[in-house]
>>> print(open('upload_19.pdb').read())   # PDB, C-alpha atoms and all ligand atoms
ATOM      1  CA  MET A 194     -27.251   5.024 -68.519  1.00  0.00           C
ATOM      2  CA  ALA A 195     -26.272   4.282 -64.967  1.00  0.00           C
ATOM      3  CA  ILE A 196     -22.897   2.742 -64.333  1.00  0.00           C
ATOM      4  CA  ALA A 197     -23.018  -0.260 -62.029  1.00  0.00           C
ATOM      5  CA  LYS A 198     -20.985   0.165 -58.868  1.00  0.00           C
ATOM      6  CA  LYS A 199     -17.874  -1.979 -58.866  1.00  0.00           C
ATOM      7  CA  LYS A 200     -17.730  -4.576 -56.147  1.00  0.00           C
ATOM      8  CA  PRO A 201     -14.466  -4.893 -54.259  1.00  0.00           C
ATOM      9  CA  ALA A 202     -12.367  -7.693 -55.714  1.00  0.00           C
ATOM     10  CA  VAL A 203     -11.604  -9.312 -52.373  1.00  0.00           C
ATOM     11  CA  ALA A 204     -14.454 -10.075 -50.086  1.00  0.00           C
ATOM     12  CA  ARG A 205     -13.990  -8.424 -46.714  1.00  0.00           C
ATOM     13  CA  SER A 206     -13.593 -10.994 -44.030  1.00  0.00           C
ATOM     14  CA  ARG A 207     -15.884 -10.448 -41.142  1.00  0.00           C
ATOM     15  CA  GLY A 208     -14.863 -10.562 -37.545  1.00  0.00           C
ATOM     16  CA  ASN A 209     -11.494 -10.237 -35.969  1.00  0.00           C
ATOM     17  CA  LEU A 210      -8.775 -12.206 -37.682  1.00  0.00           C
ATOM     18  CA  MET A 211      -6.511 -11.715 -34.697  1.00  0.00           C
ATOM     19  CA  ALA A 212      -8.917 -13.709 -32.580  1.00  0.00           C
ATOM     20  CA  ILE A 213      -8.443 -16.720 -34.847  1.00  0.00           C
ATOM     21  CA  ALA A 214      -4.661 -16.400 -34.828  1.00  0.00           C
ATOM     22  CA  LYS A 215      -4.560 -16.073 -31.059  1.00  0.00           C
ATOM     23  CA  LYS A 216      -2.038 -18.410 -29.502  1.00  0.00           C
ATOM     24  CA  LYS A 217      -3.176 -20.504 -26.628  1.00  0.00           C
ATOM     25  CA  PRO A 218      -1.300 -19.588 -23.447  1.00  0.00           C
ATOM     26  CA  ALA A 219       1.834 -21.592 -22.805  1.00  0.00           C
ATOM     27  CA  GLU A 220       1.904 -24.068 -19.982  1.00  0.00           C
ATOM     28  CA  PRO A 221       3.418 -22.419 -16.885  1.00  0.00           C
ATOM     29  CA  VAL A 222       6.957 -23.570 -16.256  1.00  0.00           C
ATOM     30  CA  ARG A 223       7.941 -25.181 -12.996  1.00  0.00           C
ATOM     31  CA  ILE A 224      10.794 -23.087 -11.645  1.00  0.00           C
ATOM     32  CA  GLU A 225      12.544 -24.031  -8.435  1.00  0.00           C
ATOM     33  CA  ILE A 226      13.953 -20.530  -8.147  1.00  0.00           C
ATOM     34  CA  LYS A 227      12.310 -17.900  -6.001  1.00  0.00           C
ATOM     35  CA  ARG A 228      12.644 -14.162  -5.609  1.00  0.00           C
ATOM     36  CA  GLU A 229      15.635 -12.989  -3.554  1.00  0.00           C
ATOM     37  CA  ASP A 230      17.571 -16.183  -4.319  1.00  0.00           C
ATOM     38  CA  THR A 231      21.178 -15.776  -5.347  1.00  0.00           C
ATOM     39  CA  VAL A 232      21.774 -17.503  -8.654  1.00  0.00           C
ATOM     40  CA  LYS A 233      24.766 -18.188 -10.875  1.00  0.00           C
ATOM     41  CA  VAL A 234      24.546 -17.978 -14.651  1.00  0.00           C
ATOM     42  CA  ILE A 235      25.836 -21.183 -16.234  1.00  0.00           C
ATOM     43  CA  SER A 236      25.171 -20.484 -19.880  1.00  0.00           C
ATOM     44  CA  GLY A 237      24.908 -17.624 -22.320  1.00  0.00           C
ATOM     45  CA  ARG A 238      26.417 -14.185 -22.602  1.00  0.00           C
ATOM     46  CA  ASP A 239      26.714 -13.574 -18.861  1.00  0.00           C
ATOM     47  CA  LYS A 240      28.046 -17.018 -17.962  1.00  0.00           C
ATOM     48  CA  GLY A 241      29.773 -17.019 -14.581  1.00  0.00           C
ATOM     49  CA  LYS A 242      28.000 -13.994 -13.152  1.00  0.00           C
ATOM     50  CA  THR A 243      26.024 -14.191  -9.941  1.00  0.00           C
ATOM     51  CA  GLY A 244      23.132 -12.032  -8.868  1.00  0.00           C
ATOM     52  CA  ARG A 245      19.969 -11.683  -6.845  1.00  0.00           C
ATOM     53  CA  VAL A 246      16.689 -12.712  -8.455  1.00  0.00           C
ATOM     54  CA  LEU A 247      14.420  -9.711  -8.842  1.00  0.00           C
ATOM     55  CA  ARG A 248      11.457 -11.330 -10.545  1.00  0.00           C
ATOM     56  CA  VAL A 249      10.281 -14.773 -11.624  1.00  0.00           C
ATOM     57  CA  ASP A 250       7.971 -15.172 -14.591  1.00  0.00           C
ATOM     58  CA  ARG A 251       6.405 -18.615 -14.545  1.00  0.00           C
ATOM     59  CA  GLU A 252       4.483 -17.954 -17.753  1.00  0.00           C
ATOM     60  CA  THR A 253       7.596 -17.576 -19.871  1.00  0.00           C
ATOM     61  CA  GLY A 254      10.039 -19.471 -17.653  1.00  0.00           C
ATOM     62  CA  LYS A 255      12.300 -16.472 -17.330  1.00  0.00           C
ATOM     63  CA  LEU A 256      13.933 -14.538 -14.536  1.00  0.00           C
ATOM     64  CA  LEU A 257      15.160 -11.052 -13.956  1.00  0.00           C
ATOM     65  CA  VAL A 258      18.532 -11.206 -12.237  1.00  0.00           C
ATOM     66  CA  GLU A 259      20.277  -8.159 -10.837  1.00  0.00           C
ATOM     67  CA  HIS A 260      23.205  -7.005 -13.030  1.00  0.00           C
ATOM     68  CA  VAL A 261      22.768  -9.952 -15.413  1.00  0.00           C
ATOM     69  CA  MET A 262      21.860  -9.586 -19.100  1.00  0.00           C
ATOM     70  CA  MET A 263      22.099  -5.817 -18.948  1.00  0.00           C
ATOM     71  CA  ILE A 264      20.733  -4.053 -21.983  1.00  0.00           C
ATOM     72  CA  LYS A 265      20.919  -0.422 -22.949  1.00  0.00           C
ATOM     73  CA  ARG A 266      17.662   1.391 -23.458  1.00  0.00           C
ATOM     74  CA  HIS A 267      17.721   4.636 -25.359  1.00  0.00           C
ATOM     75  CA  THR A 268      15.067   6.787 -23.771  1.00  0.00           C
ATOM     76  CA  ARG A 269      13.648  10.110 -24.803  1.00  0.00           C
ATOM     77  CA  PRO A 270      13.187  12.687 -22.082  1.00  0.00           C
ATOM     78  CA  ASN A 271       9.610  13.104 -20.879  1.00  0.00           C
ATOM     79  CA  PRO A 272       9.400  15.983 -18.398  1.00  0.00           C
ATOM     80  CA  GLN A 273       5.793  15.197 -17.507  1.00  0.00           C
ATOM     81  CA  LYS A 274       6.698  11.743 -16.261  1.00  0.00           C
ATOM     82  CA  GLN A 275      10.037  12.890 -14.794  1.00  0.00           C
ATOM     83  CA  ILE A 276      11.918  10.675 -17.241  1.00  0.00           C
ATOM     84  CA  LYS A 277      15.399  11.784 -18.124  1.00  0.00           C
ATOM     85  CA  GLY A 278      16.595  11.089 -21.606  1.00  0.00           C
ATOM     86  CA  GLY A 279      19.730   9.262 -22.565  1.00  0.00           C
ATOM     87  CA  ILE A 280      20.929   5.708 -22.376  1.00  0.00           C
ATOM     88  CA  ALA A 281      19.698   3.720 -19.417  1.00  0.00           C
ATOM     89  CA  GLU A 282      20.973   0.290 -18.480  1.00  0.00           C
ATOM     90  CA  ARG A 283      18.552  -2.278 -17.199  1.00  0.00           C
ATOM     91  CA  GLU A 284      18.167  -6.008 -16.783  1.00  0.00           C
ATOM     92  CA  SER A 285      16.494  -8.185 -19.364  1.00  0.00           C
ATOM     93  CA  PRO A 286      14.986 -11.626 -18.719  1.00  0.00           C
ATOM     94  CA  ILE A 287      17.138 -14.738 -18.737  1.00  0.00           C
ATOM     95  CA  ALA A 288      15.882 -18.304 -19.111  1.00  0.00           C
ATOM     96  CA  ALA A 289      15.585 -20.076 -15.780  1.00  0.00           C
ATOM     97  CA  SER A 290      17.363 -23.100 -17.244  1.00  0.00           C
ATOM     98  CA  ASN A 291      20.504 -21.017 -17.669  1.00  0.00           C
ATOM     99  CA  VAL A 292      20.987 -20.409 -13.977  1.00  0.00           C
ATOM    100  CA  LEU A 293      21.615 -22.449 -10.845  1.00  0.00           C
ATOM    101  CA  VAL A 294      20.816 -21.536  -7.266  1.00  0.00           C
ATOM    102  CA  VAL A 295      23.855 -20.653  -5.156  1.00  0.00           C
ATOM    103  CA  CYS A 296      23.682 -22.544  -1.866  1.00  0.00           C
ATOM    104  CA  PRO A 297      24.208 -20.322   1.180  1.00  0.00           C
ATOM    105  CA  GLY A 298      25.723 -23.289   3.048  1.00  0.00           C
ATOM    106  CA  CYS A 299      28.473 -24.479   0.708  1.00  0.00           C
ATOM    107  CA  ASN A 300      28.557 -21.387  -1.515  1.00  0.00           C
ATOM    108  CA  LYS A 301      28.383 -23.439  -4.718  1.00  0.00           C
ATOM    109  CA  ALA A 302      26.004 -23.320  -7.645  1.00  0.00           C
ATOM    110  CA  VAL A 303      23.865 -26.360  -7.061  1.00  0.00           C
ATOM    111  CA  ARG A 304      20.856 -28.189  -8.364  1.00  0.00           C
ATOM    112  CA  VAL A 305      17.843 -28.150  -6.102  1.00  0.00           C
ATOM    113  CA  ALA A 306      16.460 -31.196  -4.346  1.00  0.00           C
ATOM    114  CA  HIS A 307      13.252 -31.308  -2.365  1.00  0.00           C
ATOM    115  CA  HIS A 308      12.677 -32.517   1.115  1.00  0.00           C
ATOM    116  CA  VAL A 309       9.155 -33.491   2.012  1.00  0.00           C
ATOM    117  CA  ASP A 310       8.146 -33.025   5.629  1.00  0.00           C
ATOM    118  CA  VAL A 311       4.978 -34.618   6.818  1.00  0.00           C
ATOM    119  CA  VAL A 312       3.299 -32.174   9.137  1.00  0.00           C
ATOM    120  CA  ALA A 313       0.712 -33.345  11.631  1.00  0.00           C
ATOM    121  CA  GLY A 314      -2.682 -33.848  10.018  1.00  0.00           C
ATOM    122  CA  GLY A 315      -1.396 -35.731   6.988  1.00  0.00           C
ATOM    123  CA  LYS A 316      -0.260 -32.595   5.212  1.00  0.00           C
ATOM    124  CA  SER A 317       3.157 -32.428   3.624  1.00  0.00           C
ATOM    125  CA  ARG A 318       5.488 -29.505   3.155  1.00  0.00           C
ATOM    126  CA  ARG A 319       8.127 -29.330   0.486  1.00  0.00           C
ATOM    127  CA  THR A 320      11.320 -27.479   1.231  1.00  0.00           C
ATOM    128  CA  ARG A 321      14.093 -26.893  -1.231  1.00  0.00           C
ATOM    129  CA  ILE A 322      17.444 -28.277  -0.180  1.00  0.00           C
ATOM    130  CA  CYS A 323      20.949 -28.220  -1.605  1.00  0.00           C
ATOM    131  CA  ARG A 324      21.821 -31.403  -3.468  1.00  0.00           C
ATOM    132  CA  LYS A 325      25.442 -31.195  -2.346  1.00  0.00           C
ATOM    133  CA  CYS A 326      25.320 -30.408   1.381  1.00  0.00           C
ATOM    134  CA  GLY A 327      21.652 -30.730   2.307  1.00  0.00           C
ATOM    135  CA  GLN A 328      21.291 -27.136   3.498  1.00  0.00           C
ATOM    136  CA  THR A 329      17.781 -25.722   3.360  1.00  0.00           C
ATOM    137  CA  LEU A 330      17.436 -23.077   0.666  1.00  0.00           C
ATOM    138  CA  ASP A 331      14.093 -21.728   1.841  1.00  0.00           C
ATOM    139  CA  ARG A 332      14.004 -19.060   4.444  1.00  0.00           C
ATOM    140  CA  LYS A 333      11.370 -19.227   7.083  1.00  0.00           C
TER     141      LYS A 333
HETATM  142 ZN    ZN A 401      25.095 -26.589  -0.293  1.00  0.00          ZN
END
>>> encode(input="upload_19.pdb", output="structure tokens", more="lines below")
Ligand SMILES: [Zn+2]
Amino acid sequence: MAIAKKKPAVARSRGNLMAIAKKKPAEPVRIEIKREDTVKVISGRDKGKTGRVLRVDRETGKLLVEHVMMIKRHTRPNPQKQIKGGIAERESPIAASNVLVVCPGCNKAVRVAHHVDVVAGGKSRRTRICRKCGQTLDRK
């Protein structure tokens, strides 16, 4: 007598479940901070610190600011990639809403206003200006 093969109790789901669970990409955040700006941290662990912006991520709304939100990474040495082991310190992203741009004119942490110039031909150009003293924050 032949024994009937047992069927698996749970039916295997076909296809990739991860594809169904995939999150739709977040709306890019409007950040009025650019690379090389000097910003001041107004909230969080590193409140009060100032630093230069290294990178802006509009997808997540976060920034990498020099010497702000330093974290320690424990790295294993990898001689092939010339990586030394030990504890390395590096920056971690901070939310753009937790920083303010430092105005080069009045040297204060300020909110950013926009000045719209109408260039010949009906085109307009937006420049970022300091809300306190009116100094242009964009470099040419
Ligand atoms: Zn100013």
>>> residues_near_ligand(input="upload_19.pdb", ligand="ligand ZN 401 (chain A)", cutoff="7 Å", atoms="all atoms listed in the file", output="PDB file with C-alpha atoms, keeping the file's coordinate frame")
ATOM      1  CA  CYS A 296      23.682 -22.544  -1.866  1.00  0.00           C
ATOM      2  CA  PRO A 297      24.208 -20.322   1.180  1.00  0.00           C
ATOM      3  CA  GLY A 298      25.723 -23.289   3.048  1.00  0.00           C
ATOM      4  CA  CYS A 299      28.473 -24.479   0.708  1.00  0.00           C
ATOM      5  CA  ASN A 300      28.557 -21.387  -1.515  1.00  0.00           C
ATOM      6  CA  LYS A 301      28.383 -23.439  -4.718  1.00  0.00           C
ATOM      7  CA  VAL A 303      23.865 -26.360  -7.061  1.00  0.00           C
ATOM      8  CA  CYS A 323      20.949 -28.220  -1.605  1.00  0.00           C
ATOM      9  CA  ARG A 324      21.821 -31.403  -3.468  1.00  0.00           C
ATOM     10  CA  LYS A 325      25.442 -31.195  -2.346  1.00  0.00           C
ATOM     11  CA  CYS A 326      25.320 -30.408   1.381  1.00  0.00           C
ATOM     12  CA  GLY A 327      21.652 -30.730   2.307  1.00  0.00           C
ATOM     13  CA  GLN A 328      21.291 -27.136   3.498  1.00  0.00           C
TER      14      GLN A 328
END
>>> residues_around(input="upload_19.pdb", residues="A:Arg223", least_positions_apart="3", cutoff="10 Å", atoms="only C-alpha atoms", output="JSON, numbers by chain")
{"A": [220, 226, 251, 252, 254, 289]}
>>> atom_distance(input="upload_19.pdb", atom1="atom CA of A:Val222", atom2="atom CA of A:Arg248")
14.2 Å
>>> atom_distance(input="upload_19.pdb", atom1="atom CA of A:His308", atom2="atom CA of A:Thr329")
8.8 Å
>>> atom_distance(input="upload_19.pdb", atom1="atom CA of A:Arg321", atom2="atom CA of A:Arg283")
29.7 Å
>>> closest_residue(input="upload_19.pdb", among="A:Gly315, A:Pro221, A:Gly241, A:Pro270", to="A:Asn291", atoms="all atoms listed in the file")
A:Gly241
>>> residues_near_point(input="upload_19.pdb", point="(23.7, -8.9, -7.3)", cutoff="9 Å", atoms="only C-alpha atoms", output="PyMOL selection string")
chain A and resi 231-232+242-246+258-261
>>> write_last_selection(input="upload_19.pdb", atoms="C-alpha atoms", output="PDB file, keeping the file's coordinate frame")
ATOM      1  CA  THR A 231      21.178 -15.776  -5.347  1.00  0.00           C
ATOM      2  CA  VAL A 232      21.774 -17.503  -8.654  1.00  0.00           C
ATOM      3  CA  LYS A 242      28.000 -13.994 -13.152  1.00  0.00           C
ATOM      4  CA  THR A 243      26.024 -14.191  -9.941  1.00  0.00           C
ATOM      5  CA  GLY A 244      23.132 -12.032  -8.868  1.00  0.00           C
ATOM      6  CA  ARG A 245      19.969 -11.683  -6.845  1.00  0.00           C
ATOM      7  CA  VAL A 246      16.689 -12.712  -8.455  1.00  0.00           C
ATOM      8  CA  VAL A 258      18.532 -11.206 -12.237  1.00  0.00           C
ATOM      9  CA  GLU A 259      20.277  -8.159 -10.837  1.00  0.00           C
ATOM     10  CA  HIS A 260      23.205  -7.005 -13.030  1.00  0.00           C
ATOM     11  CA  VAL A 261      22.768  -9.952 -15.413  1.00  0.00           C
TER      12      VAL A 261
END
>>> closest_residue(input="upload_19.pdb", among="A:Arg318, A:Arg304, A:Arg228, A:Arg269", to="A:Lys255", atoms="only C-alpha atoms")
A:Arg228
>>> axis_aligned_box(input="upload_19.pdb", around="stretch 257-260 of chain A", padding_each_side="6 Å", output="JSON")
{"center_x": 19.2, "center_y": -9.1, "center_z": -12.4, "size_x": 20.0, "size_y": 16.2, "size_z": 15.1}
>>> resolve_selection(input="upload_19.pdb", expression="the PyMOL selection byres (((chain A and resi 292) around 9) and not hetatm)", output="PyMOL selection string")
chain A and resi 232-236+240+243+287-291+293-294+302
>>> resolve_selection(input="upload_19.pdb", expression="the PyMOL selection byres (((chain A and resi 285) around 7) and not hetatm)", output="PDB file with C-alpha atoms, in the frame of the given file")
ATOM      1  CA  LEU A 257      15.160 -11.052 -13.956  1.00  0.00           C
ATOM      2  CA  MET A 262      21.860  -9.586 -19.100  1.00  0.00           C
ATOM      3  CA  MET A 263      22.099  -5.817 -18.948  1.00  0.00           C
ATOM      4  CA  ILE A 264      20.733  -4.053 -21.983  1.00  0.00           C
ATOM      5  CA  ARG A 283      18.552  -2.278 -17.199  1.00  0.00           C
ATOM      6  CA  GLU A 284      18.167  -6.008 -16.783  1.00  0.00           C
ATOM      7  CA  PRO A 286      14.986 -11.626 -18.719  1.00  0.00           C
ATOM      8  CA  ILE A 287      17.138 -14.738 -18.737  1.00  0.00           C
TER       9      ILE A 287
END
>>> decode(input="upload_19.pdb", residues="stretch 197-329 of chain A", atoms="C-alpha atoms", output="JSON list (two decimals), in the first residue's frame")
[["chain", "number", "residue", "atom", "x", "y", "z"],
["A", 197, "ALA", "CA", -0.08, 9.38, 0.22],
["A", 198, "LYS", "CA", 2.36, 12.26, 0.32],
["A", 199, "LYS", "CA", 1.47, 14.81, 2.96],
["A", 200, "LYS", "CA", 0.65, 18.24, 1.66],
["A", 201, "PRO", "CA", 2.22, 21.17, 3.47],
["A", 202, "ALA", "CA", -0.20, 22.61, 6.00],
["A", 203, "VAL", "CA", 0.27, 26.21, 4.91],
["A", 204, "ALA", "CA", -0.09, 27.02, 1.28],
["A", 205, "ARG", "CA", 3.03, 28.69, -0.06],
["A", 206, "SER", "CA", 2.29, 32.19, -1.13],
["A", 207, "ARG", "CA", 3.47, 32.94, -4.58],
["A", 208, "GLY", "CA", 5.39, 36.00, -5.58],
["A", 209, "ASN", "CA", 7.37, 38.39, -3.52],
["A", 210, "LEU", "CA", 5.69, 39.45, -0.31],
["A", 211, "MET", "CA", 8.17, 42.28, 0.08],
["A", 212, "ALA", "CA", 6.84, 43.84, -3.09],
["A", 213, "ILE", "CA", 3.39, 44.12, -1.53],
["A", 214, "ALA", "CA", 4.75, 45.60, 1.70],
["A", 215, "LYS", "CA", 6.85, 48.13, -0.17],
["A", 216, "LYS", "CA", 6.37, 51.63, 1.16],
["A", 217, "LYS", "CA", 5.68, 54.33, -1.31],
["A", 218, "PRO", "CA", 8.50, 56.89, -1.35],
["A", 219, "ALA", "CA", 8.03, 59.82, 0.98],
["A", 220, "GLU", "CA", 7.34, 63.23, -0.44],
["A", 221, "PRO", "CA", 10.63, 65.16, -0.74],
["A", 222, "VAL", "CA", 10.98, 67.79, 1.95],
["A", 223, "ARG", "CA", 11.48, 71.42, 1.09],
["A", 224, "ILE", "CA", 14.68, 72.45, 2.84],
["A", 225, "GLU", "CA", 15.93, 76.01, 2.66],
["A", 226, "ILE", "CA", 19.37, 74.88, 3.74],
["A", 227, "LYS", "CA", 22.12, 74.22, 1.23],
["A", 228, "ARG", "CA", 25.50, 72.56, 1.33],
["A", 229, "GLU", "CA", 28.31, 74.66, 2.83],
["A", 230, "ASP", "CA", 25.85, 76.74, 4.86],
["A", 231, "THR", "CA", 26.72, 77.35, 8.48],
["A", 232, "VAL", "CA", 23.88, 76.23, 10.70],
["A", 233, "LYS", "CA", 23.10, 76.33, 14.41],
["A", 234, "VAL", "CA", 21.40, 73.44, 16.18],
["A", 235, "ILE", "CA", 18.35, 74.67, 18.09],
["A", 236, "SER", "CA", 17.00, 71.41, 19.41],
["A", 237, "GLY", "CA", 18.13, 67.97, 20.47],
["A", 238, "ARG", "CA", 21.29, 66.51, 21.93],
["A", 239, "ASP", "CA", 23.67, 68.95, 20.24],
["A", 240, "LYS", "CA", 21.61, 72.08, 20.90],
["A", 241, "GLY", "CA", 23.72, 75.23, 20.62],
["A", 242, "LYS", "CA", 26.41, 73.79, 18.38],
["A", 243, "THR", "CA", 27.22, 75.31, 15.02],
["A", 244, "GLY", "CA", 28.70, 73.62, 12.00],
["A", 245, "ARG", "CA", 29.06, 73.49, 8.25],
["A", 246, "VAL", "CA", 26.50, 71.49, 6.28],
["A", 247, "LEU", "CA", 28.16, 68.56, 4.56],
["A", 248, "ARG", "CA", 25.16, 66.97, 2.90],
["A", 249, "VAL", "CA", 21.45, 67.61, 2.43],
["A", 250, "ASP", "CA", 19.04, 64.73, 2.00],
["A", 251, "ARG", "CA", 15.76, 66.00, 0.62],
["A", 252, "GLU", "CA", 14.22, 62.53, 0.64],
["A", 253, "THR", "CA", 14.41, 62.17, 4.40],
["A", 254, "GLY", "CA", 14.59, 65.85, 5.33],
["A", 255, "LYS", "CA", 17.88, 65.39, 7.11],
["A", 256, "LEU", "CA", 21.29, 67.01, 7.07],
["A", 257, "LEU", "CA", 24.81, 66.01, 7.84],
["A", 258, "VAL", "CA", 26.47, 68.78, 9.82],
["A", 259, "GLU", "CA", 30.17, 68.83, 10.61],
["A", 260, "HIS", "CA", 30.91, 67.90, 14.25],
["A", 261, "VAL", "CA", 27.20, 67.67, 15.10],
["A", 262, "MET", "CA", 25.48, 64.46, 16.24],
["A", 263, "MET", "CA", 28.75, 62.57, 16.39],
["A", 264, "ILE", "CA", 28.38, 58.84, 16.80],
["A", 265, "LYS", "CA", 30.99, 56.22, 17.49],
["A", 266, "ARG", "CA", 31.32, 53.44, 14.98],
["A", 267, "HIS", "CA", 33.13, 50.31, 16.03],
["A", 268, "THR", "CA", 34.92, 49.09, 12.95],
["A", 269, "ARG", "CA", 36.78, 45.89, 12.29],
["A", 270, "PRO", "CA", 40.09, 46.18, 10.50],
["A", 271, "ASN", "CA", 39.99, 45.25, 6.82],
["A", 272, "PRO", "CA", 43.51, 45.32, 5.37],
["A", 273, "GLN", "CA", 42.26, 44.82, 1.82],
["A", 274, "LYS", "CA", 40.24, 48.02, 1.93],
["A", 275, "GLN", "CA", 42.85, 49.87, 4.03],
["A", 276, "ILE", "CA", 40.37, 50.18, 6.89],
["A", 277, "LYS", "CA", 41.86, 50.45, 10.33],
["A", 278, "GLY", "CA", 39.96, 48.89, 13.16],
["A", 279, "GLY", "CA", 38.88, 50.59, 16.32],
["A", 280, "ILE", "CA", 36.36, 53.22, 17.23],
["A", 281, "ALA", "CA", 35.77, 55.89, 14.63],
["A", 282, "GLU", "CA", 33.73, 59.01, 15.21],
["A", 283, "ARG", "CA", 31.52, 60.30, 12.47],
["A", 284, "GLU", "CA", 28.51, 62.50, 11.90],
["A", 285, "SER", "CA", 24.99, 61.16, 11.80],
["A", 286, "PRO", "CA", 22.01, 62.88, 10.16],
["A", 287, "ILE", "CA", 20.03, 65.53, 11.99],
["A", 288, "ALA", "CA", 16.53, 66.71, 11.09],
["A", 289, "ALA", "CA", 16.57, 69.92, 9.09],
["A", 290, "SER", "CA", 13.86, 71.34, 11.36],
["A", 291, "ASN", "CA", 16.28, 71.24, 14.27],
["A", 292, "VAL", "CA", 18.69, 73.73, 12.77],
["A", 293, "LEU", "CA", 18.67, 77.36, 11.67],
["A", 294, "VAL", "CA", 20.92, 79.04, 9.14],
["A", 295, "VAL", "CA", 23.52, 81.36, 10.64],
["A", 296, "CYS", "CA", 23.48, 84.67, 8.78],
["A", 297, "PRO", "CA", 26.93, 85.82, 7.66],
["A", 298, "GLY", "CA", 25.79, 89.45, 7.97],
["A", 299, "CYS", "CA", 24.46, 89.65, 11.53],
["A", 300, "ASN", "CA", 25.99, 86.39, 12.77],
["A", 301, "LYS", "CA", 22.71, 85.19, 14.27],
["A", 302, "ALA", "CA", 20.73, 82.01, 13.76],
["A", 303, "VAL", "CA", 17.87, 83.19, 11.61],
["A", 304, "ARG", "CA", 14.87, 81.98, 9.70],
["A", 305, "VAL", "CA", 15.13, 82.25, 5.96],
["A", 306, "ALA", "CA", 13.04, 84.59, 3.85],
["A", 307, "HIS", "CA", 12.98, 84.67, 0.07],
["A", 308, "HIS", "CA", 13.48, 87.56, -2.23],
["A", 309, "VAL", "CA", 12.10, 87.20, -5.71],
["A", 310, "ASP", "CA", 13.93, 89.07, -8.45],
["A", 311, "VAL", "CA", 12.27, 89.42, -11.78],
["A", 312, "VAL", "CA", 14.93, 88.98, -14.41],
["A", 313, "ALA", "CA", 14.41, 90.27, -17.92],
["A", 314, "GLY", "CA", 12.25, 87.94, -19.99],
["A", 315, "GLY", "CA", 9.61, 87.40, -17.33],
["A", 316, "LYS", "CA", 11.69, 84.89, -15.41],
["A", 317, "SER", "CA", 12.04, 85.15, -11.67],
["A", 318, "ARG", "CA", 14.91, 84.20, -9.42],
["A", 319, "ARG", "CA", 14.53, 83.36, -5.78],
["A", 320, "THR", "CA", 17.33, 84.24, -3.42],
["A", 321, "ARG", "CA", 17.43, 83.38, 0.23],
["A", 322, "ILE", "CA", 17.74, 86.35, 2.54],
["A", 323, "CYS", "CA", 18.11, 86.83, 6.28],
["A", 324, "ARG", "CA", 14.82, 87.66, 7.97],
["A", 325, "LYS", "CA", 16.56, 89.91, 10.48],
["A", 326, "CYS", "CA", 18.96, 92.06, 8.45],
["A", 327, "GLY", "CA", 18.09, 91.30, 4.83],
["A", 328, "GLN", "CA", 21.54, 89.99, 3.93],
["A", 329, "THR", "CA", 21.65, 87.58, 1.00]]
